[in-house]
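Enquirer: Mind looking over this structure? Questions follow.
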Amino acid sequence: LSKKVFLVESKINDGSMHTIKFAQKYGKEIICYFPADKDDSFKGNLYVIENLNAKYIKDINDFKILL
């Protein structure tokens, strides 16, 4: 139903990663929050940015530009 999927926070094996895989399969634009700290709760975000070429935001100004 949406044109874009925004990933806020995800571990590498969270359910959100299933949503990202479906979004990629159906050609949806994927946008991720780029975390300031690289703890385990953001490993999924980093994976998506590095491996799926997702766009990412670091602050509210980036968010306004992408949407």
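Letters for chains follow the order of the structure tokens (A, B, ...), residue numbers begin at 1 for each chain, and ligand numbers begin at 1 in the order shown.
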Contacts of Lys25 of chain A at 12 Å or less, counting only C-alpha atoms, minus same-chain residues fewer than 6 places along, as a list in words?
Expert: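 Counting only C-alpha atoms, the residues come to His18, Thr19 and Leu52 of chain A.
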Enquirer: Grab the residues selected above and save them as an mmCIF file, in the first residue's frame with C-alpha atoms.
Expert:
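Listed below is the output, selection_30.cif:
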data_model
loop_
_atom_site.group_PDB
_atom_site.id
_atom_site.type_symbol
_atom_site.label_atom_id
_atom_site.label_comp_id
_atom_site.auth_asym_id
_atom_site.auth_seq_id
_atom_site.Cartn_x
_atom_site.Cartn_y
_atom_site.Cartn_z
ATOM 1 C CA HIS A 18 11.075 -9.605 6.932
ATOM 2 C CA THR A 19 9.196 -6.435 6.045
ATOM 3 C CA LEU A 52 20.522 -3.195 0.042
#
Enquirer: Considering only alpha helix (DSSP H) as DSSP defines it on the backbone, what residues of segment 31-60 of chain A qualify? List them as a list in words.
Expert: Lys43, Gly44, Asn45, Leu46, Tyr47, Val48, Ile49, Glu50, Asn51 and Ile60 of chain A
Enquirer: Using atom CA of Asn53 of chain A and atom CA of Leu1 of chain A as the two end points, give the distance in Å to one decimal.
Expert: 21.6 Å
Enquirer: For Lys3 of chain A, which residue out of A:Ala36, A:Ile20, A:Lys28, A:Lys55 is the nearest one, using only C-alpha atoms?
Expert: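 Using only C-alpha atoms, the shortest distance to Lys3 of chain A belongs to A:Lys28.
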Enquirer: Find the spatial neighbours of Lys43 of chain A, counting only C-alpha atoms, within a cut-off of 8 Å - ignore same-chain residues fewer than 5 positions away - and output them as a PDB file with N, CA and C atoms, in the first residue's frame.
Expert:
ATOM      1  N   SER A  10      16.124  -1.880  14.057  1.00  0.00           N
ATOM      2  CA  SER A  10      15.965  -3.317  13.883  1.00  0.00           C
ATOM      3  C   SER A  10      17.263  -4.048  14.164  1.00  0.00           C
ATOM      4  N   LYS A  11      17.131  -5.135  14.908  1.00  0.00           N
ATOM      5  CA  LYS A  11      18.250  -6.067  15.033  1.00  0.00           C
ATOM      6  C   LYS A  11      18.318  -6.855  13.735  1.00  0.00           C
ATOM      7  N   ILE A  12      19.383  -7.577  13.545  1.00  0.00           N
ATOM      8  CA  ILE A  12      19.600  -8.290  12.287  1.00  0.00           C
ATOM      9  C   ILE A  12      18.556  -9.383  12.043  1.00  0.00           C
ATOM     10  N   LYS A  38      26.386   2.240  17.308  1.00  0.00           N
ATOM     11  CA  LYS A  38      26.291   1.007  16.530  1.00  0.00           C
ATOM     12  C   LYS A  38      26.045  -0.229  17.408  1.00  0.00           C
TER      13      LYS A  38
END
Enquirer: Just give me the gap between atom CA of Ser41 of chain A and atom CA of Leu66 of chain A in Å, one decimal is fine.
Expert: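 These two atoms are separated by 23.4 Å.
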Enquirer: Please give the complete set of residues from chain A that DSSP, run on the backbone, assigns to strand (DSSP E or B), formatted as a ChimeraX atom specification.
Expert: /A:4-7,29-33,55-57
Enquirer: Would you mind exporting the chosen residues as a PDB file, in the first residue's frame, restricted to C-alpha atoms?
Expert:
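Below is the file selection38.pdb, written as the result:
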ATOM      1  CA  LYS A   4       8.290   3.745   0.751  1.00  0.00           C
ATOM      2  CA  VAL A   5       9.232   1.767   3.852  1.00  0.00           C
ATOM      3  CA  PHE A   6      11.019   3.474   6.719  1.00  0.00           C
ATOM      4  CA  LEU A   7      13.081   1.328   9.102  1.00  0.00           C
ATOM      5  CA  GLU A  29      11.901   2.464  -1.702  1.00  0.00           C
ATOM      6  CA  ILE A  30      13.633   1.626   1.586  1.00  0.00           C
ATOM      7  CA  ILE A  31      14.736   4.357   3.956  1.00  0.00           C
ATOM      8  CA  CYS A  32      16.599   3.701   7.218  1.00  0.00           C
ATOM      9  CA  TYR A  33      17.595   5.655  10.251  1.00  0.00           C
ATOM     10  CA  LYS A  55      18.671   5.603   1.538  1.00  0.00           C
ATOM     11  CA  TYR A  56      19.239   6.756   5.086  1.00  0.00           C
ATOM     12  CA  ILE A  57      18.616   9.687   7.359  1.00  0.00           C
TER      13      ILE A  57
END
Enquirer: Find the distance between atom CA of Phe22 of chain A and atom CA of Val48 of chain A and write it in Å to one decimal.
Expert: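 Those two atoms sit 12.7 Å apart.
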Enquirer: Go through A:Asp39, A:Asn45, A:Gly27, A:Phe34 one by one, measure the shortest atom-to-atom distance of each to Lys58 of chain A using only C-alpha atoms, and give the residue with the smallest value.
Expert: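 Closest candidate: A:Phe34.
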Enquirer: Rank nothing, just name the residue among A:Ser2, A:Gly44, A:Val8, A:Met17 nearest to Asp59 of chain A, using only C-alpha atoms.
Expert: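 Using only C-alpha atoms, Asp59 of chain A sits closest to A:Val8.
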